[in-house]
$ cat coords-v5.cif   # mmCIF, C-alpha atoms and all ligand atoms
data_query
loop_
_atom_site.label_atom_id
_atom_site.label_comp_id
_atom_site.auth_asym_id
_atom_site.auth_seq_id
_atom_site.Cartn_x
_atom_site.Cartn_y
_atom_site.Cartn_z
CA MET A 1 61.17 149.82 -16.04
CA THR A 2 63.97 151.75 -14.33
CA GLU A 3 63.22 154.39 -11.67
CA PRO A 4 64.09 157.35 -13.98
CA ALA A 5 61.85 155.85 -16.69
CA VAL A 6 59.00 155.58 -14.17
CA HIS A 7 59.45 159.29 -13.33
CA VAL A 8 59.38 160.21 -17.02
CA LEU A 9 56.20 158.15 -17.55
CA ARG A 10 54.54 159.74 -14.50
CA GLY A 11 55.44 163.21 -15.82
CA LEU A 12 53.98 162.38 -19.21
CA LEU A 13 50.81 161.03 -17.61
CA ARG A 14 50.42 164.29 -15.64
CA GLU A 15 50.96 166.34 -18.77
CA GLY A 16 48.64 164.04 -20.70
CA TYR A 17 45.62 165.06 -18.62
CA ALA A 18 45.91 168.59 -19.95
CA SER A 19 46.43 167.59 -23.57
CA HIS A 20 44.51 164.26 -23.62
CA ARG A 21 47.62 162.53 -24.79
CA ALA A 22 47.44 158.78 -24.30
CA ALA A 23 50.56 157.25 -22.75
CA HIS A 24 49.38 153.80 -21.68
CA ALA A 25 47.32 151.25 -23.61
CA PHE A 26 45.88 147.96 -22.45
CA LEU A 27 45.66 145.40 -25.23
CA GLU A 28 43.02 142.80 -24.41
CA LEU A 29 44.24 140.11 -26.77
CA THR A 30 41.43 137.67 -26.05
CA TYR A 31 38.56 137.13 -23.63
CA ARG A 32 39.14 133.36 -23.79
CA CYS A 33 40.83 131.77 -20.80
CA ASN A 34 42.28 128.46 -19.64
CA LEU A 35 40.60 129.00 -16.24
CA ASP A 36 36.99 129.73 -15.33
CA CYS A 37 37.15 131.94 -12.23
CA ALA A 38 33.92 132.56 -10.38
CA HIS A 39 34.78 136.21 -9.69
CA CYS A 40 36.00 137.06 -13.22
CA TYR A 41 34.36 140.02 -14.94
CA CYS A 42 35.32 138.78 -18.43
CA ILE A 43 32.73 137.13 -20.65
CA HIS A 44 34.88 134.34 -22.07
CA ASP A 45 32.71 133.04 -24.91
CA GLN A 46 31.76 136.23 -26.72
CA ALA A 47 30.87 135.97 -30.36
CA GLY A 48 33.09 138.00 -32.64
CA GLU A 49 36.26 137.76 -34.64
CA GLU A 50 39.41 138.52 -32.65
CA LEU A 51 41.93 140.83 -34.24
CA SER A 52 44.48 138.83 -36.22
CA THR A 53 48.23 139.01 -35.66
CA VAL A 54 48.52 141.44 -38.56
CA GLU A 55 45.70 143.62 -37.22
CA TRP A 56 47.25 143.77 -33.73
CA CYS A 57 50.59 144.73 -35.27
CA ARG A 58 48.87 147.53 -37.17
CA VAL A 59 47.15 148.68 -33.96
CA MET A 60 50.51 148.77 -32.16
CA GLY A 61 51.95 150.84 -35.01
CA ASP A 62 49.06 153.30 -34.66
CA LEU A 63 49.60 153.48 -30.89
CA ALA A 64 53.30 154.20 -31.42
CA ALA A 65 52.42 156.92 -33.94
CA MET A 66 50.04 158.46 -31.39
CA GLY A 67 52.86 158.65 -28.82
CA VAL A 68 51.74 155.84 -26.51
CA LEU A 69 54.75 154.59 -24.54
CA TYR A 70 53.55 151.69 -22.42
CA LEU A 71 51.55 148.60 -23.38
CA SER A 72 49.92 146.15 -20.99
CA PHE A 73 48.94 142.85 -22.59
CA THR A 74 45.97 141.30 -20.86
CA GLY A 75 42.94 139.05 -21.44
CA GLY A 76 41.31 136.61 -20.73
CA GLU A 77 44.60 134.74 -20.65
CA VAL A 78 47.19 136.06 -23.10
CA PHE A 79 48.81 132.66 -23.62
CA VAL A 80 45.57 131.27 -25.07
CA ARG A 81 46.62 133.24 -28.16
CA ARG A 82 49.31 131.22 -29.90
CA ASP A 83 50.78 134.42 -31.32
CA PHE A 84 51.15 136.20 -27.98
CA LEU A 85 54.94 136.06 -27.91
CA ASP A 86 55.08 137.24 -31.53
CA LEU A 87 52.93 140.23 -30.54
CA ALA A 88 55.19 140.89 -27.56
CA ALA A 89 58.18 140.77 -29.92
CA GLU A 90 56.48 143.38 -32.11
CA ALA A 91 55.91 145.58 -29.03
CA ARG A 92 59.61 145.25 -28.26
CA ARG A 93 60.57 146.03 -31.88
CA LEU A 94 58.46 149.19 -31.74
CA ARG A 95 60.36 150.13 -28.56
CA PHE A 96 57.36 150.15 -26.25
CA ALA A 97 57.84 149.55 -22.55
CA TRP A 98 55.46 146.68 -21.92
CA SER A 99 54.11 144.23 -19.38
CA LEU A 100 51.65 141.37 -19.27
CA LEU A 101 49.06 139.89 -16.95
CA THR A 102 48.82 136.11 -16.83
CA ASN A 103 47.63 133.34 -14.53
CA ALA A 104 50.98 131.60 -15.26
CA ALA A 105 49.28 128.25 -15.87
CA ALA A 106 50.65 127.97 -19.41
CA ILE A 107 54.21 129.12 -18.71
CA ASP A 108 56.76 126.42 -19.48
CA GLU A 109 60.55 126.54 -19.92
CA GLY A 110 60.36 127.62 -23.56
CA ARG A 111 57.84 130.40 -22.98
CA ALA A 112 59.72 131.64 -19.94
CA ASP A 113 62.94 131.78 -21.99
CA ARG A 114 61.28 133.71 -24.81
CA LEU A 115 59.64 136.11 -22.36
CA ALA A 116 62.94 136.77 -20.63
CA ALA A 117 64.57 137.54 -23.98
CA LEU A 118 61.83 140.09 -24.75
CA ARG A 119 62.48 141.92 -21.46
CA PRO A 120 59.03 142.97 -20.22
CA CYS A 121 58.99 145.65 -17.53
CA ALA A 122 56.90 143.35 -15.37
CA VAL A 123 54.92 140.12 -15.40
CA ALA A 124 51.80 140.41 -13.26
CA VAL A 125 50.58 137.01 -12.10
CA SER A 126 47.22 136.36 -10.47
CA LEU A 127 47.16 133.84 -7.61
CA TYR A 128 43.94 132.31 -6.35
CA GLY A 129 44.75 130.23 -3.30
CA ALA A 130 47.37 128.31 -1.38
CA THR A 131 45.90 124.80 -1.72
CA GLU A 132 44.70 122.84 -4.75
CA ALA A 133 41.20 122.61 -3.27
CA THR A 134 40.85 126.37 -3.01
CA TYR A 135 42.46 126.93 -6.39
CA ARG A 136 39.91 124.60 -7.91
CA ALA A 137 37.03 126.23 -6.02
CA VAL A 138 38.04 129.67 -7.34
CA THR A 139 39.16 128.77 -10.87
CA GLY A 140 36.88 125.84 -11.66
CA ARG A 141 39.86 123.76 -12.91
CA PRO A 142 41.99 121.06 -11.26
CA GLY A 143 45.77 121.31 -10.88
CA GLY A 144 45.88 125.10 -11.03
CA LEU A 145 48.09 125.71 -8.02
CA GLU A 146 50.78 123.32 -9.24
CA ARG A 147 50.83 124.97 -12.67
CA ALA A 148 50.92 128.47 -11.21
CA ARG A 149 53.76 127.57 -8.82
CA ARG A 150 55.76 126.13 -11.67
CA GLY A 151 55.10 129.13 -13.91
CA VAL A 152 56.03 131.70 -11.27
CA GLY A 153 59.14 129.71 -10.36
CA LEU A 154 60.30 129.72 -14.00
CA LEU A 155 59.78 133.48 -14.27
CA VAL A 156 61.59 134.19 -11.01
CA GLU A 157 64.51 131.93 -12.00
CA ARG A 158 65.01 134.04 -15.10
CA GLY A 159 65.14 137.25 -13.12
CA LEU A 160 61.89 138.66 -14.49
CA ARG A 161 60.13 141.26 -12.37
CA VAL A 162 57.07 139.37 -11.13
CA HIS A 163 54.17 141.17 -9.45
CA LEU A 164 51.89 138.75 -7.64
CA ARG A 165 48.31 139.77 -7.07
CA ALA A 166 45.35 138.03 -5.53
CA PRO A 167 41.66 138.82 -5.62
CA VAL A 168 40.36 138.17 -2.11
CA THR A 169 37.02 136.40 -2.40
CA ARG A 170 34.75 134.45 -0.12
CA ARG A 171 36.37 131.28 -1.51
CA ASN A 172 40.02 132.07 -0.73
CA ALA A 173 40.13 134.71 2.04
CA HIS A 174 40.93 132.04 4.63
CA GLU A 175 44.17 131.27 2.76
CA LEU A 176 45.41 134.84 2.36
CA GLU A 177 48.15 134.46 4.97
CA ALA A 178 49.30 131.23 3.31
CA MET A 179 49.35 133.00 -0.07
CA ILE A 180 51.45 135.80 1.40
CA ALA A 181 53.85 133.20 2.78
CA MET A 182 53.96 131.43 -0.59
CA ALA A 183 54.87 134.72 -2.30
CA ALA A 184 57.56 135.37 0.32
CA GLY A 185 59.03 131.96 -0.57
CA TRP A 186 59.90 133.43 -3.98
CA GLY A 187 61.13 136.63 -2.34
CA LEU A 188 58.03 138.47 -3.55
CA GLY A 189 55.23 140.50 -2.00
CA LEU A 190 51.55 139.92 -2.73
CA ASP A 191 49.11 142.66 -3.69
CA HIS A 192 45.65 141.63 -2.58
CA ASP A 193 42.31 143.27 -3.12
CA PRO A 194 38.77 142.37 -2.01
CA ASP A 195 37.08 144.67 -4.58
CA MET A 196 34.90 142.63 -6.95
CA THR A 197 33.27 144.25 -9.95
CA ALA A 198 30.22 143.31 -11.98
CA ALA A 199 30.76 141.29 -15.15
CA ASP A 200 31.43 143.19 -18.35
CA ASP A 201 27.83 142.62 -19.43
CA GLY A 202 26.54 143.91 -16.08
CA GLY A 203 26.04 140.39 -14.67
CA ARG A 204 26.16 140.24 -10.86
CA GLY A 205 27.82 136.82 -10.55
CA PRO A 206 31.28 138.21 -9.62
CA LEU A 207 29.74 140.46 -6.95
CA ALA A 208 28.36 137.37 -5.21
CA GLU A 209 31.99 136.24 -4.70
CA ALA A 210 32.81 139.33 -2.61
CA LEU A 211 33.44 139.13 1.14
CA ASP A 212 30.31 139.72 3.18
CA GLY A 213 30.13 142.62 5.66
CA GLU A 214 31.76 140.88 8.60
CA ALA A 215 34.53 139.28 6.54
CA LEU A 216 35.25 142.57 4.76
CA ALA A 217 35.45 144.40 8.09
CA ALA A 218 37.86 141.76 9.43
CA TYR A 219 39.98 141.96 6.27
CA LEU A 220 40.16 145.75 6.39
CA ALA A 221 40.99 145.82 10.09
CA ARG A 222 43.81 143.31 9.60
CA TYR A 223 45.33 144.46 6.32
CA ARG A 224 44.36 148.08 5.88
CA GLY A 225 44.53 149.16 9.50
CA GLY A 226 41.02 150.67 9.36
CA ALA A 227 42.32 153.32 6.92
CA PRO A 228 40.01 156.33 6.56
CA ALA A 229 38.14 156.96 3.31
CA PRO A 230 40.46 158.75 0.87
CA VAL A 231 39.58 162.42 0.38
CA ARG A 232 39.60 163.54 -3.25
CA ALA A 233 39.55 167.13 -4.49
CA GLY A 234 36.24 167.94 -6.17
CA ALA A 235 37.77 169.64 -9.19
CA SER A 236 40.15 166.76 -9.96
CA HIS A 237 39.85 164.40 -12.88
CA VAL A 238 38.24 161.16 -11.79
CA CYS A 239 40.90 158.88 -13.27
CA GLY A 240 42.99 158.28 -16.37
CA ALA A 241 40.34 156.43 -18.39
CA GLY A 242 40.06 158.07 -21.81
CA GLN A 243 42.45 160.79 -20.67
CA VAL A 244 45.91 159.24 -20.59
CA LEU A 245 45.05 155.60 -20.96
CA LEU A 246 42.93 153.51 -23.26
CA ALA A 247 42.15 149.87 -23.91
CA ILE A 248 41.47 147.87 -27.04
CA SER A 249 39.21 144.83 -26.95
CA PRO A 250 39.95 141.53 -28.74
CA PHE A 251 37.45 142.60 -31.40
CA GLY A 252 39.03 145.98 -32.08
CA ASP A 253 36.77 148.15 -29.93
CA LEU A 254 38.46 151.20 -28.45
CA LEU A 255 37.54 151.43 -24.74
CA PRO A 256 38.34 154.19 -22.22
CA CYS A 257 39.95 151.63 -19.89
CA VAL A 258 40.20 147.92 -19.39
CA ALA A 259 37.63 148.32 -16.59
CA PHE A 260 35.31 150.54 -18.65
CA LYS A 261 33.75 148.38 -21.34
CA ARG A 262 31.63 150.97 -23.12
CA PRO A 263 33.02 151.06 -26.68
CA VAL A 264 34.13 154.38 -28.13
CA GLY A 265 34.16 152.91 -31.65
CA ASN A 266 35.79 150.12 -33.61
CA LEU A 267 39.27 150.26 -35.11
CA ARG A 268 38.26 148.10 -38.06
CA ARG A 269 35.97 150.93 -39.17
CA THR A 270 37.51 154.14 -37.83
CA SER A 271 41.10 155.15 -37.18
CA LEU A 272 42.43 155.27 -33.64
CA ALA A 273 43.47 158.91 -33.97
CA GLU A 274 40.00 159.90 -35.22
CA LEU A 275 38.20 158.09 -32.40
CA TRP A 276 40.55 159.42 -29.73
CA ALA A 277 40.25 163.03 -30.89
CA GLY A 278 36.64 163.14 -32.03
CA SER A 279 34.53 160.99 -29.75
CA PRO A 280 31.65 162.83 -28.00
CA PHE A 281 31.61 160.04 -25.38
CA LEU A 282 35.30 160.59 -24.56
CA ALA A 283 34.73 164.36 -24.42
CA GLU A 284 31.96 163.78 -21.88
CA LEU A 285 34.13 161.40 -19.85
CA ARG A 286 37.02 163.87 -19.85
CA SER A 287 34.77 166.58 -18.43
CA LEU A 288 33.82 164.42 -15.44
CA ARG A 289 35.13 165.70 -12.10
CA VAL A 290 35.21 164.18 -8.63
CA ARG A 291 32.49 166.62 -7.50
CA ASP A 292 30.12 164.93 -9.99
CA LEU A 293 30.41 161.55 -8.26
CA GLU A 294 27.89 160.15 -5.84
CA GLY A 295 29.52 159.47 -2.48
CA GLY A 296 32.45 161.88 -2.88
CA GLY A 297 34.62 159.66 -5.06
CA ALA A 298 36.20 157.37 -2.46
CA TRP A 299 37.02 154.00 -4.04
CA HIS A 300 35.27 155.17 -7.19
CA CYS A 301 35.95 153.53 -10.54
CA PRO A 302 33.70 154.96 -13.28
CA GLY A 303 34.10 151.82 -15.38
CA ALA A 304 33.06 149.49 -12.57
CA ALA A 305 30.24 151.90 -11.67
CA TRP A 306 29.01 151.83 -15.26
CA ALA A 307 29.07 148.00 -15.34
CA GLU A 308 27.25 147.74 -12.00
CA THR A 309 24.76 150.63 -12.21
CA GLY A 310 24.73 151.81 -15.84
CA ASP A 311 26.03 155.23 -14.73
CA PRO A 312 29.75 156.05 -14.28
CA THR A 313 28.97 158.60 -11.57
CA ARG A 314 26.90 156.33 -9.31
CA GLN A 315 28.41 154.84 -6.16
CA ARG A 316 28.98 151.08 -6.27
CA ASP A 317 27.99 148.77 -3.49
CA TYR A 318 31.65 148.11 -2.63
CA ALA A 319 32.45 151.83 -2.31
CA ARG A 320 29.37 152.32 -0.16
CA ARG A 321 30.32 149.44 2.14
CA ARG A 322 33.94 150.57 2.44
CA SER A 323 32.91 154.15 3.19
CA ALA A 324 30.52 152.93 5.89
CA LEU A 325 33.21 150.73 7.45
CA ALA A 326 35.79 153.55 7.35
CA GLY A 327 33.25 155.85 9.02
CA ALA A 328 32.55 153.27 11.72
CA ALA A 329 36.31 152.76 12.32
CA ALA A 330 36.82 156.53 12.62
CA ALA A 331 33.94 156.86 15.09
CA ALA A 332 35.29 153.95 17.19
CA SER A 333 38.78 155.44 17.27
CA ALA A 334 37.37 158.88 18.31
CA LEU A 335 35.54 157.21 21.20
CA THR A 336 38.70 155.54 22.51
CA ARG A 337 40.75 158.73 22.40
S1 LIG A 401 39.32 154.09 -11.92
FE1 LIG A 401 38.45 152.38 -13.12
S2 LIG A 401 38.01 153.27 -15.15
FE2 LIG A 401 39.40 154.67 -14.07
S3 LIG A 401 41.46 154.09 -14.72
FE3 LIG A 401 41.05 152.98 -12.82
S4 LIG A 401 40.22 151.00 -13.45
FE4 LIG A 401 40.08 152.38 -15.22
#

$ encode --input "coords-v5.cif" --output "structure tokens"
Amino acid sequence: MTEPAVHVLRGLLREGYASHRAAHAFLELTYRCNLDCAHCYCIHDQAGEELSTVEWCRVMGDLAAMGVLYLSFTGGEVFVRRDFLDLAAEARRLRFAWSLLTNAAAIDEGRADRLAALRPCAVAVSLYGATEATYRAVTGRPGGLERARRGVGLLVERGLRVHLRAPVTRRNAHELEAMIAMAAGWGLGLDHDPDMTAADDGGRGPLAEALDGEALAAYLARYRGGAPAPVRAGASHVCGAGQVLLAISPFGDLLPCVAFKRPVGNLRRTSLAELWAGSPFLAELRSLRVRDLEGGGAWHCPGAAWAETGDPTRQRDYARRRSALAGAAAAASALTR
């Protein structure tokens, strides 16, 4: 997306808070994946019938009619769906700005060529390590690093805008510098994040992959410079979930956000416009303000809080730990002044 287009989208997002006009939709095409990451919040083998190609095309038409401008295709792994590139072509035909998230393992010459022709705004690629051993430890599959390197290389060769991101877990934190160097080899930066969230069904497995206290403190000191806890105005909206953005599950459930898996309703039974305008749950979510949040709202994600605690206003363990570490860093810096 060009800089002026980004400004226009930001303006629309700001305006959308007042009018509850959705501008950005995440399309979760499938929860199936070709990897099996220990930290992943997705439940890969859910029962249910995924939306067909025709149904997804109808959903995209409804999103266009509602004024949504930007689509993010995500999963699971989008390339597990054989029709992914056909769906991307439909997004292009409907004149959406769009992007995708992939682990790049399934990107070959042909797919890279087709993607380049469809001109996504960005291709976000998740990286999991800098050696095959670590890749396997994180993703549960052999050969992952080689496939990811090849996939990213093909995307970069075609001039696509690639955003590399890495979850920082107890299995790969020791290779973060090597991952940053690998990204630099393609001329790219690496976004990295140690925040793990509970599984979509509330399971705590992904949380067990998070850095422990000492490792998190070391990570924050090195990469975040002991940044203080962000201060958020009490009367502000908490985030864009259900306000200016929405997500749609592989089974047609409308969700407030890709990270907030409480269904608003199902698009096979009720129209998108009706659910978006008439849902009591969305009305309640839209009335939430930062002052309602336990812990003051620093590092708060209501979706992750709901998955972890059953309550979107409760403070998650990660937010609590980061706030404590930021407080300790501030106290230490005051003492040395
Ligand atoms: S804070 Fe969480 S629920 Fe809100 S928009 Fe971000 S990821 Fe979604």

$ closest_atom_pairs --input "coords-v5.cif" --of "chain A" --to "ligand LIG 401 (chain A)" --cutoff "6 Å" --atoms "all atoms listed in the file" --output "CSV"
residue,atom,partner,partner_atom,distance
A:Cys239,CA,A:LIG401,FE2,4.5
A:Gly240,CA,A:LIG401,S3,4.8
A:Ala241,CA,A:LIG401,S3,4.5
A:Cys257,CA,A:LIG401,FE4,4.7
A:Ala259,CA,A:LIG401,S4,4.9
A:Phe260,CA,A:LIG401,S2,5.2
A:Cys301,CA,A:LIG401,S1,3.7
A:Pro302,CA,A:LIG401,S2,5.0
A:Gly303,CA,A:LIG401,S2,4.2

$ closest_residue --input "coords-v5.cif" --among "A:Gly140, A:Gly67, A:Gly205, A:Gly226" --to "Ala273 (chain A)" --atoms "only C-alpha atoms"
A:Gly67

$ residues_around --input "coords-v5.cif" --residues "Glu294 (chain A)" --least-positions-apart "3" --cutoff "10 Å" --atoms "all atoms listed in the file" --output "MDAnalysis selection string"
chainID A and resid 290:291 297:298 300 312:316 320

$ closest_residue --input "coords-v5.cif" --among "A:Ala334, A:Ala218, A:Ala133, A:Leu101" --to "Phe84 (chain A)" --atoms "only C-alpha atoms"
A:Leu101

$ closest_residue --input "coords-v5.cif" --among "A:Gly75, A:Gly143, A:Gly185, A:Gly151" --to "Tyr31 (chain A)" --atoms "all atoms listed in the file"
A:Gly75

$ closest_residue --input "coords-v5.cif" --among "A:Val244, A:Val59, A:Val125, A:Ala166" --to "Ala18 (chain A)" --atoms "only C-alpha atoms"
A:Val244

$ atom_distance --input "coords-v5.cif" --atom1 "CA of Ala104 (chain A)" --atom2 "CA of Ala148 (chain A)"
5.1 Å

$ closest_residue --input "coords-v5.cif" --among "A:Arg289, A:Leu267, A:Ala319, A:Cys40" --to "Leu255 (chain A)" --atoms "all atoms listed in the file"
A:Leu267

$ atom_distance --input "coords-v5.cif" --atom1 "CA of Thr53 (chain A)" --atom2 "CA of Phe281 (chain A)"
28.7 Å

$ closest_residue --input "coords-v5.cif" --among "A:Leu325, A:Leu51, A:Ala217, A:Leu35" --to "Phe251 (chain A)" --atoms "all atoms listed in the file"
A:Leu51

$ atom_distance --input "coords-v5.cif" --atom1 "CA of Gln243 (chain A)" --atom2 "CA of Arg286 (chain A)"
6.3 Å

$ residues_around --input "coords-v5.cif" --residues "Ala330 (chain A)" --least-positions-apart "6" --cutoff "12 Å" --atoms "all atoms listed in the file" --output "MDAnalysis selection string"
chainID A and resid 221 225:229 323:324 336:337

$ residues_around --input "coords-v5.cif" --residues "Ala112 (chain A)" --least-positions-apart "4" --cutoff "7 Å" --atoms "all atoms listed in the file" --output "PyMOL selection string"
chain A and resi 107-108+116+154-155

$ residues_near_point --input "coords-v5.cif" --point "(62.7, 138.4, -26.6)" --cutoff "9 Å" --atoms "all atoms listed in the file" --output "number ranges by chain"
A: 85, 88-89, 92, 113-120

$ residues_near_point --input "coords-v5.cif" --point "(29.9, 146.2, -6.5)" --cutoff "8 Å" --atoms "only C-alpha atoms" --output "ChimeraX atom specification"
/A:195-198,207,304-305,308,316-319

$ residues_around --input "coords-v5.cif" --residues "Leu164 (chain A)" --least-positions-apart "3" --cutoff "8 Å" --atoms "only C-alpha atoms" --output "JSON list (two decimals) with C-alpha atoms, in the coordinates of the input"
[["chain", "number", "residue", "atom", "x", "y", "z"],
["A", 124, "ALA", "CA", 51.80, 140.41, -13.26],
["A", 125, "VAL", "CA", 50.58, 137.01, -12.10],
["A", 126, "SER", "CA", 47.22, 136.36, -10.47],
["A", 127, "LEU", "CA", 47.16, 133.84, -7.61],
["A", 183, "ALA", "CA", 54.87, 134.72, -2.30],
["A", 188, "LEU", "CA", 58.03, 138.47, -3.55],
["A", 189, "GLY", "CA", 55.23, 140.50, -2.00],
["A", 190, "LEU", "CA", 51.55, 139.92, -2.73],
["A", 191, "ASP", "CA", 49.11, 142.66, -3.69]]

$ residues_around --input "coords-v5.cif" --residues "Thr74 (chain A)" --least-positions-apart "5" --cutoff "8 Å" --atoms "all atoms listed in the file" --output "ChimeraX atom specification"
/A:26-30,100-102

$ write_last_selection --input "coords-v5.cif" --atoms "C-alpha atoms" --output "compact mmCIF listing (two decimals), in the coordinates of the input"
# COMPACT_ATOMS: atom_id res chain seq x y z
CA PHE A 26 45.88 147.96 -22.45
CA LEU A 27 45.66 145.40 -25.23
CA GLU A 28 43.02 142.80 -24.41
CA LEU A 29 44.24 140.11 -26.77
CA THR A 30 41.43 137.67 -26.05
CA LEU A 100 51.65 141.37 -19.27
CA LEU A 101 49.06 139.89 -16.95
CA THR A 102 48.82 136.11 -16.83

$ build_atoms --input "coords-v5.cif" --residues "region 30-46 of chain A" --atoms "N, CA and C atoms" --output "mmCIF file, keeping the file's coordinate frame"
data_model
loop_
_atom_site.group_PDB
_atom_site.id
_atom_site.type_symbol
_atom_site.label_atom_id
_atom_site.label_comp_id
_atom_site.auth_asym_id
_atom_site.auth_seq_id
_atom_site.Cartn_x
_atom_site.Cartn_y
_atom_site.Cartn_z
ATOM 1 N N THR A 30 42.521 138.651 -25.929
ATOM 2 C CA THR A 30 41.430 137.670 -26.050
ATOM 3 C C THR A 30 40.613 137.699 -24.772
ATOM 4 N N TYR A 31 39.346 137.334 -24.851
ATOM 5 C CA TYR A 31 38.560 137.130 -23.630
ATOM 6 C C TYR A 31 38.509 135.650 -23.264
ATOM 7 N N ARG A 32 39.102 134.784 -24.115
ATOM 8 C CA ARG A 32 39.140 133.360 -23.790
ATOM 9 C C ARG A 32 40.150 133.121 -22.666
ATOM 10 N N CYS A 33 39.946 132.026 -21.934
ATOM 11 C CA CYS A 33 40.830 131.770 -20.800
ATOM 12 C C CYS A 33 40.961 130.268 -20.577
ATOM 13 N N ASN A 34 42.094 129.868 -19.996
ATOM 14 C CA ASN A 34 42.280 128.460 -19.640
ATOM 15 C C ASN A 34 41.745 128.158 -18.242
ATOM 16 N N LEU A 35 41.255 129.185 -17.533
ATOM 17 C CA LEU A 35 40.600 129.000 -16.240
ATOM 18 C C LEU A 35 39.171 129.525 -16.343
ATOM 19 N N ASP A 36 38.390 129.292 -15.296
ATOM 20 C CA ASP A 36 36.990 129.730 -15.330
ATOM 21 C C ASP A 36 36.627 130.289 -13.945
ATOM 22 N N CYS A 37 37.265 131.411 -13.595
ATOM 23 C CA CYS A 37 37.150 131.940 -12.230
ATOM 24 C C CYS A 37 35.757 132.481 -11.942
ATOM 25 N N ALA A 38 35.269 132.151 -10.757
ATOM 26 C CA ALA A 38 33.920 132.560 -10.380
ATOM 27 C C ALA A 38 33.788 134.079 -10.286
ATOM 28 N N HIS A 39 34.873 134.759 -9.924
ATOM 29 C CA HIS A 39 34.780 136.210 -9.690
ATOM 30 C C HIS A 39 35.121 137.013 -10.946
ATOM 31 N N CYS A 40 35.450 136.343 -12.051
ATOM 32 C CA CYS A 40 36.000 137.060 -13.220
ATOM 33 C C CYS A 40 34.926 137.898 -13.900
ATOM 34 N N TYR A 41 35.314 139.118 -14.276
ATOM 35 C CA TYR A 41 34.360 140.020 -14.940
ATOM 36 C C TYR A 41 34.312 139.796 -16.455
ATOM 37 N N CYS A 42 35.265 139.017 -16.976
ATOM 38 C CA CYS A 42 35.320 138.780 -18.430
ATOM 39 C C CYS A 42 34.213 137.829 -18.871
ATOM 40 N N ILE A 43 33.657 138.079 -20.028
ATOM 41 C CA ILE A 43 32.730 137.130 -20.650
ATOM 42 C C ILE A 43 33.578 136.338 -21.647
ATOM 43 N N HIS A 44 33.864 135.076 -21.320
ATOM 44 C CA HIS A 44 34.880 134.340 -22.070
ATOM 45 C C HIS A 44 34.442 133.924 -23.477
ATOM 46 N N ASP A 45 33.141 133.660 -23.646
ATOM 47 C CA ASP A 45 32.710 133.040 -24.910
ATOM 48 C C ASP A 45 31.950 134.019 -25.798
ATOM 49 N N GLN A 46 32.461 135.237 -25.892
ATOM 50 C CA GLN A 46 31.760 136.230 -26.720
ATOM 51 C C GLN A 46 31.905 135.901 -28.197
#
